[in-house]
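Chemist: Please find my_file-v8.cif (mmCIF, C-alpha atoms) on the next line:
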data_upload
loop_
_atom_site.group_PDB
_atom_site.id
_atom_site.type_symbol
_atom_site.label_atom_id
_atom_site.label_comp_id
_atom_site.auth_asym_id
_atom_site.auth_seq_id
_atom_site.Cartn_x
_atom_site.Cartn_y
_atom_site.Cartn_z
ATOM 1 C CA MET A 1 0.000 0.000 0.000
ATOM 2 C CA SER A 2 1.343 3.462 -0.875
ATOM 3 C CA ARG A 3 2.434 5.600 2.031
ATOM 4 C CA ARG A 4 0.381 8.397 3.501
ATOM 5 C CA ILE A 5 2.412 11.416 4.540
ATOM 6 C CA CYS A 6 1.518 14.288 6.825
ATOM 7 C CA ILE A 7 3.453 17.521 7.375
ATOM 8 C CA TYR A 8 2.701 18.979 10.785
ATOM 9 C CA PHE A 9 3.664 22.620 11.292
ATOM 10 C CA SER A 10 4.084 22.905 15.032
ATOM 11 C CA TRP A 11 3.849 26.672 15.185
ATOM 12 C CA SER A 12 1.183 28.869 16.698
ATOM 13 C CA ARG A 13 0.229 30.858 13.641
ATOM 14 C CA PRO A 14 -1.607 33.577 15.637
ATOM 15 C CA GLN A 15 1.409 34.137 17.891
ATOM 16 C CA GLU A 16 3.814 34.225 14.951
ATOM 17 C CA ILE A 17 1.636 36.727 13.091
ATOM 18 C CA ALA A 18 1.066 38.929 16.155
ATOM 19 C CA ALA A 19 4.766 39.413 16.915
ATOM 20 C CA PRO A 20 5.341 43.166 17.444
ATOM 21 C CA LEU A 21 7.163 44.657 14.468
ATOM 22 C CA HIS A 22 9.191 47.065 16.591
ATOM 23 C CA VAL A 23 10.962 44.038 18.120
ATOM 24 C CA LEU A 24 13.510 42.669 15.675
ATOM 25 C CA ASP A 25 14.423 39.470 17.500
ATOM 26 C CA ASN A 26 12.580 36.167 17.446
ATOM 27 C CA ARG A 27 10.034 36.851 14.752
ATOM 28 C CA TYR A 28 9.615 36.292 11.054
ATOM 29 C CA PRO A 29 9.797 39.257 8.690
ATOM 30 C CA ASN A 30 6.570 40.525 7.251
ATOM 31 C CA LEU A 31 6.170 40.142 3.507
ATOM 32 C CA PHE A 32 6.953 43.808 2.889
ATOM 33 C CA GLU A 33 10.272 43.542 4.769
ATOM 34 C CA PHE A 34 11.084 40.344 2.895
ATOM 35 C CA ARG A 35 10.400 41.928 -0.492
ATOM 36 C CA ARG A 36 12.476 44.970 0.382
ATOM 37 C CA ALA A 37 15.459 42.921 1.586
ATOM 38 C CA ILE A 38 15.672 40.768 -1.553
ATOM 39 C CA TRP A 39 14.399 43.278 -4.150
ATOM 40 C CA PRO A 40 13.629 42.868 -7.055
ATOM 41 C CA PHE A 41 12.597 39.279 -6.365
ATOM 42 C CA TYR A 42 9.035 38.641 -5.176
ATOM 43 C CA GLU A 43 7.726 41.809 -6.829
ATOM 44 C CA HIS A 44 4.915 39.615 -8.099
ATOM 45 C CA ALA A 45 3.690 39.721 -4.486
ATOM 46 C CA SER A 46 3.590 43.518 -4.236
ATOM 47 C CA ASP A 47 -0.179 43.881 -4.676
ATOM 48 C CA PRO A 48 -1.625 44.262 -1.148
ATOM 49 C CA GLY A 49 -5.043 43.298 -2.467
ATOM 50 C CA ALA A 50 -3.790 39.856 -3.427
ATOM 51 C CA TYR A 51 -0.914 39.377 -0.975
ATOM 52 C CA SER A 52 -1.072 40.339 2.681
ATOM 53 C CA GLN A 53 2.041 42.366 3.392
ATOM 54 C CA ASP A 54 2.187 41.377 7.069
ATOM 55 C CA ILE A 55 3.783 38.317 8.692
ATOM 56 C CA SER A 56 0.878 36.143 7.556
ATOM 57 C CA GLY A 57 1.839 36.963 3.976
ATOM 58 C CA PHE A 58 5.379 35.775 4.647
ATOM 59 C CA LEU A 59 4.153 32.519 6.199
ATOM 60 C CA ASP A 60 1.744 31.821 3.353
ATOM 61 C CA HIS A 61 3.625 32.990 0.261
ATOM 62 C CA VAL A 62 7.218 32.290 1.295
ATOM 63 C CA ILE A 63 7.263 29.407 3.772
ATOM 64 C CA LEU A 64 4.167 27.302 3.074
ATOM 65 C CA SER A 65 4.407 27.708 -0.677
ATOM 66 C CA ASP A 66 7.960 26.341 -0.600
ATOM 67 C CA PHE A 67 6.628 22.855 0.197
ATOM 68 C CA GLN A 68 4.565 22.489 -2.967
ATOM 69 C CA ALA A 69 7.374 20.834 -4.931
ATOM 70 C CA PHE A 70 7.724 18.181 -2.220
ATOM 71 C CA GLU A 71 3.981 17.525 -2.350
ATOM 72 C CA LYS A 72 4.100 17.058 -6.131
ATOM 73 C CA VAL A 73 6.836 14.431 -5.792
ATOM 74 C CA VAL A 74 4.879 12.572 -3.121
ATOM 75 C CA ILE A 75 1.703 12.582 -5.233
ATOM 76 C CA SER A 76 3.688 11.329 -8.217
ATOM 77 C CA GLU A 77 5.238 8.516 -6.177
ATOM 78 C CA THR A 78 2.262 7.469 -4.042
ATOM 79 C CA GLY A 79 -0.876 8.867 -5.632
ATOM 80 C CA ASN A 80 -1.724 10.352 -2.232
ATOM 81 C CA PRO A 81 -1.803 14.059 -1.397
ATOM 82 C CA VAL A 82 0.253 15.343 1.512
ATOM 83 C CA SER A 83 -1.792 16.335 4.542
ATOM 84 C CA LEU A 84 -0.670 19.731 5.842
ATOM 85 C CA ILE A 85 -1.756 20.591 9.365
ATOM 86 C CA GLN A 86 -0.914 23.636 11.456
ATOM 87 C CA ARG A 87 -0.817 23.103 15.212
ATOM 88 C CA GLU A 88 -2.546 26.412 15.836
ATOM 89 C CA GLY A 89 -4.132 27.987 12.784
ATOM 90 C CA ASP A 90 -6.159 31.125 12.280
ATOM 91 C CA THR A 91 -9.162 29.668 14.074
ATOM 92 C CA PRO A 92 -9.561 27.250 17.015
ATOM 93 C CA PRO A 93 -9.159 24.539 18.032
ATOM 94 C CA VAL A 94 -5.477 23.843 18.551
ATOM 95 C CA LYS A 95 -4.708 20.727 16.534
ATOM 96 C CA GLU A 96 -2.556 18.705 18.888
ATOM 97 C CA LEU A 97 -1.191 15.403 17.672
ATOM 98 C CA ASP A 98 -3.562 12.594 18.583
ATOM 99 C CA ASP A 99 -4.460 9.038 17.593
ATOM 100 C CA ALA A 100 -7.229 10.185 15.264
ATOM 101 C CA LEU A 101 -4.895 12.487 13.348
ATOM 102 C CA LEU A 102 -2.281 9.745 12.949
ATOM 103 C CA ALA A 103 -4.677 6.907 12.168
ATOM 104 C CA ASP A 104 -4.250 7.455 8.429
ATOM 105 C CA VAL A 105 -0.590 8.507 8.505
ATOM 106 C CA ASP A 106 2.473 6.354 7.794
ATOM 107 C CA THR A 107 5.104 9.113 7.754
ATOM 108 C CA LEU A 108 4.779 12.123 10.035
ATOM 109 C CA ILE A 109 7.062 15.074 9.286
ATOM 110 C CA VAL A 110 7.111 17.536 12.176
ATOM 111 C CA VAL A 111 8.216 20.887 10.771
ATOM 112 C CA SER A 112 9.228 22.818 13.880
ATOM 113 C CA LEU A 113 9.454 26.369 12.591
ATOM 114 C CA ASP A 114 7.993 27.693 15.840
ATOM 115 C CA HIS A 115 9.906 30.373 17.747
ATOM 116 C CA PHE A 116 10.935 29.475 21.285
ATOM 117 C CA ARG A 117 9.085 32.542 22.573
ATOM 118 C CA THR A 118 5.726 31.010 21.563
ATOM 119 C CA SER A 119 6.281 28.106 23.996
ATOM 120 C CA GLN A 120 5.175 25.291 21.731
ATOM 121 C CA VAL A 121 5.761 22.202 23.860
ATOM 122 C CA ALA A 122 4.607 18.648 23.216
ATOM 123 C CA SER A 123 1.961 17.701 25.753
ATOM 124 C CA ALA A 124 2.019 14.424 27.661
ATOM 125 C CA GLY A 125 -0.850 13.212 25.486
ATOM 126 C CA GLU A 126 1.018 14.043 22.303
ATOM 127 C CA VAL A 127 4.135 12.243 23.448
ATOM 128 C CA GLU A 128 2.120 9.128 24.295
ATOM 129 C CA CYS A 129 0.391 9.385 20.923
ATOM 130 C CA ILE A 130 3.768 9.455 19.165
ATOM 131 C CA ARG A 131 4.977 6.506 21.227
ATOM 132 C CA SER A 132 1.891 4.574 20.144
ATOM 133 C CA PHE A 133 2.483 5.610 16.514
ATOM 134 C CA LEU A 134 6.068 4.355 16.676
ATOM 135 C CA ARG A 135 4.926 0.927 17.823
ATOM 136 C CA ARG A 136 3.771 0.358 14.238
ATOM 137 C CA GLU A 137 6.427 -1.338 12.108
ATOM 138 C CA ASN A 138 5.776 0.847 9.084
ATOM 139 C CA ALA A 139 5.765 4.115 11.047
ATOM 140 C CA CYS A 140 8.270 6.837 10.244
ATOM 141 C CA LEU A 141 8.683 10.001 12.312
ATOM 142 C CA ILE A 142 10.834 12.800 10.882
ATOM 143 C CA VAL A 143 11.472 15.620 13.351
ATOM 144 C CA CYS A 144 12.675 18.845 11.773
ATOM 145 C CA PRO A 145 13.847 21.807 13.828
ATOM 146 C CA HIS A 146 15.536 24.803 12.250
ATOM 147 C CA HIS A 147 18.324 27.123 13.366
ATOM 148 C CA ASP A 148 18.902 28.510 16.850
ATOM 149 C CA VAL A 149 20.707 31.776 16.180
ATOM 150 C CA GLY A 150 21.934 34.136 18.891
ATOM 151 C CA GLU A 151 21.639 32.007 22.004
ATOM 152 C CA SER A 152 24.243 34.157 23.720
ATOM 153 C CA GLU A 153 23.003 37.283 25.465
ATOM 154 C CA LYS A 154 26.208 39.105 24.509
ATOM 155 C CA LEU A 155 25.839 41.452 21.550
ATOM 156 C CA ASP A 156 29.402 40.825 20.346
ATOM 157 C CA ASP A 157 28.737 37.077 20.178
ATOM 158 C CA ARG A 158 25.586 37.632 18.168
ATOM 159 C CA VAL A 159 27.393 39.927 15.764
ATOM 160 C CA ILE A 160 30.015 37.239 15.105
ATOM 161 C CA GLN A 161 27.333 34.642 14.390
ATOM 162 C CA HIS A 162 25.393 37.024 12.156
ATOM 163 C CA ARG A 163 28.469 37.853 10.097
ATOM 164 C CA HIS A 164 29.093 34.142 9.642
ATOM 165 C CA HIS A 165 25.757 33.348 7.977
ATOM 166 C CA GLY A 166 25.259 36.844 6.502
ATOM 167 C CA ASP A 167 21.484 36.654 6.084
ATOM 168 C CA VAL A 168 20.016 40.159 6.374
ATOM 169 C CA LEU A 169 16.557 38.685 6.977
ATOM 170 C CA VAL A 170 17.623 37.123 10.257
ATOM 171 C CA PRO A 171 17.917 39.296 13.385
ATOM 172 C CA GLY A 172 20.606 38.922 16.025
ATOM 173 C CA GLN A 173 18.526 36.358 17.865
ATOM 174 C CA GLN A 174 16.106 33.982 16.194
ATOM 175 C CA ARG A 175 15.581 30.814 18.187
ATOM 176 C CA ILE A 176 13.421 28.323 16.305
ATOM 177 C CA GLY A 177 12.436 24.692 16.867
ATOM 178 C CA GLY A 178 11.063 24.575 20.383
ATOM 179 C CA PHE A 179 8.420 21.939 19.678
ATOM 180 C CA ALA A 180 10.931 19.583 18.053
ATOM 181 C CA LYS A 181 13.307 20.010 20.959
ATOM 182 C CA SER A 182 10.522 19.308 23.449
ATOM 183 C CA LEU A 183 9.235 16.253 21.574
ATOM 184 C CA LEU A 184 12.656 14.655 21.170
ATOM 185 C CA ASP A 185 13.517 15.316 24.802
ATOM 186 C CA GLN A 186 10.345 13.678 26.075
ATOM 187 C CA LEU A 187 10.877 10.693 23.788
ATOM 188 C CA GLY A 188 14.230 10.205 25.517
ATOM 189 C CA PHE A 189 16.424 11.787 22.848
ATOM 190 C CA PRO A 190 17.425 15.313 23.995
ATOM 191 C CA ILE A 191 18.947 16.304 20.663
ATOM 192 C CA GLU A 192 19.473 20.033 20.232
ATOM 193 C CA ASN A 193 19.511 22.203 17.132
ATOM 194 C CA ARG A 194 22.522 24.430 17.742
ATOM 195 C CA TRP A 195 23.788 27.461 15.888
ATOM 196 C CA GLY A 196 22.967 28.599 12.371
ATOM 197 C CA LEU A 197 25.881 27.562 10.186
ATOM 198 C CA SER A 198 26.663 28.564 6.620
ATOM 199 C CA PRO A 199 26.855 25.380 4.486
ATOM 200 C CA GLY A 200 29.773 24.657 2.212
ATOM 201 C CA ARG A 201 29.752 25.152 -1.566
ATOM 202 C CA ASP A 202 31.246 23.094 -4.371
ATOM 203 C CA ALA A 203 33.397 24.552 -7.152
ATOM 204 C CA ALA A 204 30.311 25.431 -9.187
ATOM 205 C CA GLY A 205 28.669 27.270 -6.316
ATOM 206 C CA GLY A 206 26.162 24.553 -5.475
ATOM 207 C CA PRO A 207 25.871 22.624 -2.201
ATOM 208 C CA ALA A 208 28.981 20.717 -1.171
ATOM 209 C CA GLN A 209 28.711 16.945 -1.164
ATOM 210 C CA LEU A 210 27.543 15.392 2.062
ATOM 211 C CA LEU A 211 29.828 13.334 4.269
ATOM 212 C CA PHE A 212 28.250 9.962 5.029
ATOM 213 C CA ASP A 213 28.554 7.304 7.658
ATOM 214 C CA ASP A 214 28.257 4.502 5.113
ATOM 215 C CA ASP A 215 26.949 1.896 7.555
ATOM 216 C CA ALA A 216 24.234 4.199 8.886
ATOM 217 C CA ALA A 217 23.270 5.384 5.412
ATOM 218 C CA THR A 218 22.999 1.831 4.097
ATOM 219 C CA ALA A 219 20.973 0.662 7.094
ATOM 220 C CA THR A 220 17.853 2.606 6.125
ATOM 221 C CA GLY A 221 18.367 3.581 2.490
ATOM 222 C CA ILE A 222 16.531 6.847 3.017
ATOM 223 C CA LEU A 223 19.500 8.765 1.595
ATOM 224 C CA SER A 224 20.066 6.385 -1.305
ATOM 225 C CA GLY A 225 21.141 8.455 -4.291
ATOM 226 C CA VAL A 226 21.187 11.664 -2.251
ATOM 227 C CA ARG A 227 24.482 13.524 -2.554
ATOM 228 C CA THR A 228 23.741 17.042 -1.319
ATOM 229 C CA PHE A 229 21.182 18.936 0.713
ATOM 230 C CA ASN A 230 20.682 22.672 0.266
ATOM 231 C CA LEU A 231 22.268 26.092 0.736
ATOM 232 C CA HIS A 232 19.949 27.656 3.247
ATOM 233 C CA PRO A 233 22.162 30.385 4.784
ATOM 234 C CA HIS A 234 21.946 29.111 8.363
ATOM 235 C CA LEU A 235 21.592 25.431 9.141
ATOM 236 C CA PRO A 236 21.722 23.824 12.583
ATOM 237 C CA HIS A 237 24.246 21.420 13.993
ATOM 238 C CA LEU A 238 22.119 18.587 15.414
ATOM 239 C CA TRP A 239 23.961 18.002 18.676
ATOM 240 C CA VAL A 240 23.669 14.492 20.113
ATOM 241 C CA PRO A 241 24.358 14.003 23.847
ATOM 242 C CA PRO A 242 27.298 11.607 24.352
ATOM 243 C CA GLN A 243 25.147 9.133 26.281
ATOM 244 C CA LEU A 244 22.989 8.620 23.181
ATOM 245 C CA GLY A 245 25.914 7.648 20.958
ATOM 246 C CA SER A 246 24.824 4.003 20.722
ATOM 247 C CA LYS A 247 21.198 4.861 19.945
ATOM 248 C CA VAL A 248 21.520 7.785 17.539
ATOM 249 C CA SER A 249 23.418 7.470 14.261
ATOM 250 C CA VAL A 250 24.785 10.497 12.441
ATOM 251 C CA VAL A 251 23.929 9.411 8.909
ATOM 252 C CA ALA A 252 25.162 12.527 7.101
ATOM 253 C CA ARG A 253 27.223 15.594 7.882
ATOM 254 C CA GLN A 254 27.307 18.792 5.863
ATOM 255 C CA PRO A 255 30.544 20.746 5.287
ATOM 256 C CA ILE A 256 30.708 24.288 6.648
ATOM 257 C CA ASN A 257 31.402 27.161 4.282
ATOM 258 C CA SER A 258 35.161 27.686 4.559
ATOM 259 C CA MET A 259 34.857 31.148 2.987
ATOM 260 C CA ALA A 260 32.410 32.456 5.585
ATOM 261 C CA PRO A 261 33.598 34.650 8.470
ATOM 262 C CA THR A 262 34.569 32.839 11.643
ATOM 263 C CA HIS A 263 32.074 31.215 13.998
ATOM 264 C CA PRO A 264 32.564 29.772 17.506
ATOM 265 C CA PHE A 265 31.758 26.254 16.257
ATOM 266 C CA VAL A 266 34.377 26.566 13.521
ATOM 267 C CA ALA A 267 36.886 28.170 15.888
ATOM 268 C CA ALA A 268 36.529 25.062 18.078
ATOM 269 C CA GLY A 269 37.897 22.973 15.210
ATOM 270 C CA HIS A 270 34.748 21.785 13.438
ATOM 271 C CA ARG A 271 34.627 21.736 9.649
ATOM 272 C CA ASP A 272 31.226 20.083 9.255
ATOM 273 C CA PHE A 273 28.004 19.657 11.209
ATOM 274 C CA ASN A 274 25.509 16.873 11.882
ATOM 275 C CA ALA A 275 22.806 17.225 9.232
ATOM 276 C CA PHE A 276 20.812 13.973 9.279
ATOM 277 C CA LEU A 277 20.288 11.613 12.205
ATOM 278 C CA HIS A 278 18.669 8.192 12.552
ATOM 279 C CA ILE A 279 17.151 6.485 15.571
ATOM 280 C CA GLY A 280 16.238 2.893 14.849
ATOM 281 C CA PRO A 281 13.722 0.591 16.515
ATOM 282 C CA GLY A 282 14.308 -0.150 20.175
ATOM 283 C CA ASP A 283 12.574 -0.376 23.515
ATOM 284 C CA GLU A 284 8.904 -0.410 22.459
ATOM 285 C CA ARG A 285 9.549 1.284 19.098
ATOM 286 C CA ALA A 286 9.119 -0.675 15.884
ATOM 287 C CA GLY A 287 9.153 2.416 13.672
ATOM 288 C CA GLN A 288 11.962 4.703 12.556
ATOM 289 C CA ILE A 289 12.889 8.226 13.687
ATOM 290 C CA PHE A 290 14.935 10.695 11.667
ATOM 291 C CA VAL A 291 16.062 14.197 12.607
ATOM 292 C CA CYS A 292 17.005 16.824 10.026
ATOM 293 C CA ASP A 293 16.545 20.499 9.191
ATOM 294 C CA ALA A 294 13.085 21.806 8.322
ATOM 295 C CA THR A 295 14.267 23.316 5.023
ATOM 296 C CA LEU A 296 15.019 19.909 3.477
ATOM 297 C CA TRP A 297 11.411 19.854 2.291
ATOM 298 C CA SER A 298 11.732 23.248 0.633
ATOM 299 C CA SER A 299 12.662 23.831 -2.995
ATOM 300 C CA VAL A 300 14.155 27.339 -2.987
ATOM 301 C CA PHE A 301 17.642 26.932 -1.499
ATOM 302 C CA SER A 302 19.398 25.012 -4.296
ATOM 303 C CA GLY A 303 20.216 21.299 -4.405
ATOM 304 C CA THR A 304 16.722 20.486 -5.673
ATOM 305 C CA GLU A 305 17.797 17.596 -7.895
ATOM 306 C CA SER A 306 19.306 15.719 -4.968
ATOM 307 C CA LEU A 307 16.506 16.716 -2.602
ATOM 308 C CA THR A 308 13.961 15.352 -5.083
ATOM 309 C CA ARG A 309 15.615 11.958 -4.670
ATOM 310 C CA LEU A 310 15.290 12.323 -0.879
ATOM 311 C CA TRP A 311 11.600 13.171 -1.250
ATOM 312 C CA ALA A 312 11.019 10.127 -3.465
ATOM 313 C CA ASN A 313 12.851 7.932 -0.961
ATOM 314 C CA VAL A 314 10.626 9.206 1.837
ATOM 315 C CA ALA A 315 7.530 8.600 -0.267
ATOM 316 C CA ASN A 316 8.585 4.983 -0.825
ATOM 317 C CA PHE A 317 10.259 4.301 2.522
#
Is it possible to express this structure as C-alpha cells?
Modeler:
Amino acid sequence: MSRRICIYFSWSRPQEIAAPLHVLDNRYPNLFEFRRAIWPFYEHASDPGAYSQDISGFLDHVILSDFQAFEKVVISETGNPVSLIQREGDTPPVKELDDALLADVDTLIVVSLDHFRTSQVASAGEVECIRSFLRRENACLIVCPHHDVGESEKLDDRVIQHRHHGDVLVPGQQRIGGFAKSLLDQLGFPIENRWGLSPGRDAAGGPAQLLFDDDAATATGILSGVRTFNLHPHLPHLWVPPQLGSKVSVVARQPINSMAPTHPFVAAGHRDFNAFLHIGPGDERAGQIFVCDATLWSSVFSGTESLTRLWANVANF
C-alpha cells in the first residue's frame, strides 16, 4: 500500500503573526520587509489586495508555498496528497497530535518552525500518541527543527554569528524549533539544534557533497542516491548528547562554508556539522525516527535535484 504522509507545522500561527514589528528578535519578517530585503525578487507579491504584506503573507507565500514541490513528488510517487496541518491555525481549536490524526498517517514530518518565545511544547498526550504511533512497524517520524541563532546574550557574540551566515533577513537572535526540541527530549532523545551555520559550496557554487557514515546510510536507504542537501544560509548542527551515541546514528554531515567569516563552532575545530540523524527501533519502538533540518522539504535553497531523490525515498520508505 502506498504511504500516507503528513506535514505537521508545530507553530502557533496567531502568535507568529502577532509578533510586534518594533521588536527585531525572534520573529519572522513581514512580507513587505522580505520583499524589500531581496528586491527585485518577489515583486509579483507587491499587490496588497492579493498578498497580505504582514507576517501572515510571509508565512503563506514564502514558507508554506515552498513545500509544494515536495507535495508534487509525493503525489507522483504514491498517488496520495500530503496532509498539511498547522498546530494552531487562524481559528480554534489547537490541533494537537492525537491518535485520530495519525490513524491514516504512515510518515509524520514535524516541521518545527515555531519560535521558542511562543512556547510550543509537546503535551504528555502528544508524546504518548507518538509513542503509540512508533509501535507500528511501518511508522516513520521525521522531526525537523531549524536554526537557533543568537543564544548568547552578549551582543558581540551575536554579531560574530550574524556575520558568519550573513542573512540580512535574520535578526541577532532567532531561536526556532522549540516543539521539536521538546518532543525529542520527552521521547528520551534530547537532541538540540545548535547554531545557524553557513553550508559549504562546491566549485560550481552549489551545495557541497555530504559526508556519510556509510553503515548508517545503508541501514535505512533513506538517503540512497542523495548527494547534497541545500544552501539555506543558516543550518543547525544537530547536537547528540554523548550518552545517546549508541542509539543515535549520524547518517550525514554537511561541510561548513570555509569562505564564511569565523564562527565559535568553527573556531573550536569543526569543519562540518551533523545534518541527518537516525534512531532505529528499540525499547517499544518498531518504527523509525529521523532528525534533520526543516528546510530539506523546501525547494528554494538550491540542491533540488538531490533533494527530489530524498523526497522520493521518503515517499517509498
Chemist: May I have a table of the residues of region 145-222 of chain A lying at most 12 Å from region 266-287 of chain A, giving each one's closest pair of atoms and their distance in Å to one decimal, counting only C-alpha atoms, ordered by chain and ascending residue number, as JSON lines?
Modeler:
{"residue": "A:Pro145", "atom": "CA", "partner": "A:Ala275", "partner_atom": "CA", "distance": 11.1}
{"residue": "A:His146", "atom": "CA", "partner": "A:Ala275", "partner_atom": "CA", "distance": 10.9}
{"residue": "A:His147", "atom": "CA", "partner": "A:Ala275", "partner_atom": "CA", "distance": 11.6}
{"residue": "A:Ile160", "atom": "CA", "partner": "A:Ala267", "partner_atom": "CA", "distance": 11.4}
{"residue": "A:Gln161", "atom": "CA", "partner": "A:Val266", "partner_atom": "CA", "distance": 10.8}
{"residue": "A:His164", "atom": "CA", "partner": "A:Val266", "partner_atom": "CA", "distance": 10.0}
{"residue": "A:Leu184", "atom": "CA", "partner": "A:Ile279", "partner_atom": "CA", "distance": 10.9}
{"residue": "A:Leu187", "atom": "CA", "partner": "A:Arg285", "partner_atom": "CA", "distance": 10.6}
{"residue": "A:Gly188", "atom": "CA", "partner": "A:Asp283", "partner_atom": "CA", "distance": 10.9}
{"residue": "A:Phe189", "atom": "CA", "partner": "A:Ile279", "partner_atom": "CA", "distance": 9.0}
{"residue": "A:Ile191", "atom": "CA", "partner": "A:Leu277", "partner_atom": "CA", "distance": 9.8}
{"residue": "A:Glu192", "atom": "CA", "partner": "A:Asn274", "partner_atom": "CA", "distance": 10.8}
{"residue": "A:Asn193", "atom": "CA", "partner": "A:Asn274", "partner_atom": "CA", "distance": 9.6}
{"residue": "A:Arg194", "atom": "CA", "partner": "A:Phe273", "partner_atom": "CA", "distance": 9.8}
{"residue": "A:Trp195", "atom": "CA", "partner": "A:Phe273", "partner_atom": "CA", "distance": 10.0}
{"residue": "A:Gly196", "atom": "CA", "partner": "A:Phe273", "partner_atom": "CA", "distance": 10.3}
{"residue": "A:Leu197", "atom": "CA", "partner": "A:Phe273", "partner_atom": "CA", "distance": 8.2}
{"residue": "A:Ser198", "atom": "CA", "partner": "A:Asp272", "partner_atom": "CA", "distance": 10.0}
{"residue": "A:Pro199", "atom": "CA", "partner": "A:Asp272", "partner_atom": "CA", "distance": 8.4}
{"residue": "A:Gly200", "atom": "CA", "partner": "A:Asp272", "partner_atom": "CA", "distance": 8.5}
{"residue": "A:Ala208", "atom": "CA", "partner": "A:Asp272", "partner_atom": "CA", "distance": 10.7}
{"residue": "A:Gln209", "atom": "CA", "partner": "A:Asp272", "partner_atom": "CA", "distance": 11.2}
{"residue": "A:Leu210", "atom": "CA", "partner": "A:Ala275", "partner_atom": "CA", "distance": 8.8}
{"residue": "A:Leu211", "atom": "CA", "partner": "A:Asp272", "partner_atom": "CA", "distance": 8.5}
{"residue": "A:Phe212", "atom": "CA", "partner": "A:Phe276", "partner_atom": "CA", "distance": 9.5}
{"residue": "A:Asp213", "atom": "CA", "partner": "A:Phe276", "partner_atom": "CA", "distance": 10.3}
{"residue": "A:Asp215", "atom": "CA", "partner": "A:His278", "partner_atom": "CA", "distance": 11.5}
{"residue": "A:Ala216", "atom": "CA", "partner": "A:His278", "partner_atom": "CA", "distance": 7.8}
{"residue": "A:Ala217", "atom": "CA", "partner": "A:His278", "partner_atom": "CA", "distance": 8.9}
{"residue": "A:Thr218", "atom": "CA", "partner": "A:His278", "partner_atom": "CA", "distance": 11.4}
{"residue": "A:Ala219", "atom": "CA", "partner": "A:Gly280", "partner_atom": "CA", "distance": 9.4}
{"residue": "A:Thr220", "atom": "CA", "partner": "A:His278", "partner_atom": "CA", "distance": 8.6}
{"residue": "A:Gly221", "atom": "CA", "partner": "A:His278", "partner_atom": "CA", "distance": 11.1}
{"residue": "A:Ile222", "atom": "CA", "partner": "A:His278", "partner_atom": "CA", "distance": 9.9}
Chemist: List the residues selected by the PyMOL selection byres ((chain A and resi 245) around 12) in the file shown, writing them as a VMD selection string.
Modeler: chain A and resid 189 to 191 239 to 244 246 to 250 277 to 279
Chemist: Please measure the separation of CA of Phe32 (chain A) and CA of Arg175 (chain A), giving the value in Å to one decimal.
Modeler: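 Computing it gives 21.8 Å between the two atoms.
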Chemist: Return the single residue from A:Glu137, A:Glu88, A:Glu126, A:Asp157 that is closest to Asp106 (chain A), with distances computed using all atoms listed in the file.
Modeler: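 Result for the nearest residue to Asp106 (chain A): A:Glu137.
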Chemist: Give me the residues near Phe58 (chain A) as a list in words, where near means some atom within 10 Å (using all atoms listed in the file) and where sequence neighbours in that chain fewer than 2 positions away do not count.
Modeler: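 Here the qualifying residues turn out to be Ile17, Tyr28, Pro29, Asn30, Leu31, Phe32, Glu33, Phe34, Arg35, Tyr51, Ser52, Gln53, Asp54, Ile55, Ser56, Asp60, His61, Val62, Ile63, Leu64 and Ser65 of chain A.
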Chemist: Since we have the selection now, will you write its residues out, keeping C-alpha atoms, as a PDB file, in the coordinates of the input?
Modeler:
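Contents of selection_8.pdb, as written:
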ATOM      1  CA  ILE A  17       1.636  36.727  13.091  1.00  0.00           C
ATOM      2  CA  TYR A  28       9.615  36.292  11.054  1.00  0.00           C
ATOM      3  CA  PRO A  29       9.797  39.257   8.690  1.00  0.00           C
ATOM      4  CA  ASN A  30       6.570  40.525   7.251  1.00  0.00           C
ATOM      5  CA  LEU A  31       6.170  40.142   3.507  1.00  0.00           C
ATOM      6  CA  PHE A  32       6.953  43.808   2.889  1.00  0.00           C
ATOM      7  CA  GLU A  33      10.272  43.542   4.769  1.00  0.00           C
ATOM      8  CA  PHE A  34      11.084  40.344   2.895  1.00  0.00           C
ATOM      9  CA  ARG A  35      10.400  41.928  -0.492  1.00  0.00           C
ATOM     10  CA  TYR A  51      -0.914  39.377  -0.975  1.00  0.00           C
ATOM     11  CA  SER A  52      -1.072  40.339   2.681  1.00  0.00           C
ATOM     12  CA  GLN A  53       2.041  42.366   3.392  1.00  0.00           C
ATOM     13  CA  ASP A  54       2.187  41.377   7.069  1.00  0.00           C
ATOM     14  CA  ILE A  55       3.783  38.317   8.692  1.00  0.00           C
ATOM     15  CA  SER A  56       0.878  36.143   7.556  1.00  0.00           C
ATOM     16  CA  ASP A  60       1.744  31.821   3.353  1.00  0.00           C
ATOM     17  CA  HIS A  61       3.625  32.990   0.261  1.00  0.00           C
ATOM     18  CA  VAL A  62       7.218  32.290   1.295  1.00  0.00           C
ATOM     19  CA  ILE A  63       7.263  29.407   3.772  1.00  0.00           C
ATOM     20  CA  LEU A  64       4.167  27.302   3.074  1.00  0.00           C
ATOM     21  CA  SER A  65       4.407  27.708  -0.677  1.00  0.00           C
TER      22      SER A  65
END
Chemist: With distances taken over all atoms listed in the file, which of A:Ser2, A:Asn313, A:Thr295, A:Ser10 is nearest to Gln120 (chain A)?
Modeler: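 For Gln120 (chain A), the nearest of the given residues is A:Ser10.
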Chemist: Expressed in Å to a single decimal, how great is the separation between CA of Ala100 (chain A) and CA of Val127 (chain A)?
Modeler: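 Between CA of Ala100 (chain A) and CA of Val127 (chain A) the gap is 14.2 Å.
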Chemist: Hey, which of A:Leu169, A:Val121, A:Ile176, A:Ile7 ends up closest to Asp148 (chain A)? Count all atoms listed in the file.
Modeler: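 Smallest distance to Asp148 (chain A) is found for A:Ile176.
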Chemist: Could you check which residues have any atom within 12 Å of (23.6, 17.3, -1.2), counting all atoms listed in the file with coordinates taken straight from the file, and then list them as a count of residues only?
Modeler: 38
Chemist: Could you work out how far CA of Asp66 (chain A) lies from CA of Ala294 (chain A), giving the answer in Å with one decimal?
Modeler: 11.2 Å
Chemist: Quick one: residues within 6 Å of (12.1, 28.1, 22.2) (file frame), counting only C-alpha atoms, please, as number ranges by chain.
Modeler: A: 115-117, 175, 178
Chemist: Here's the selection I'm unsure about, the PyMOL selection byres ((chain A and resi 140) around 8); applied to the file above, which residues does it give, as an MDAnalysis selection string?
Modeler: chainID A and resid 106:108 134 138:139 141:142 287:290
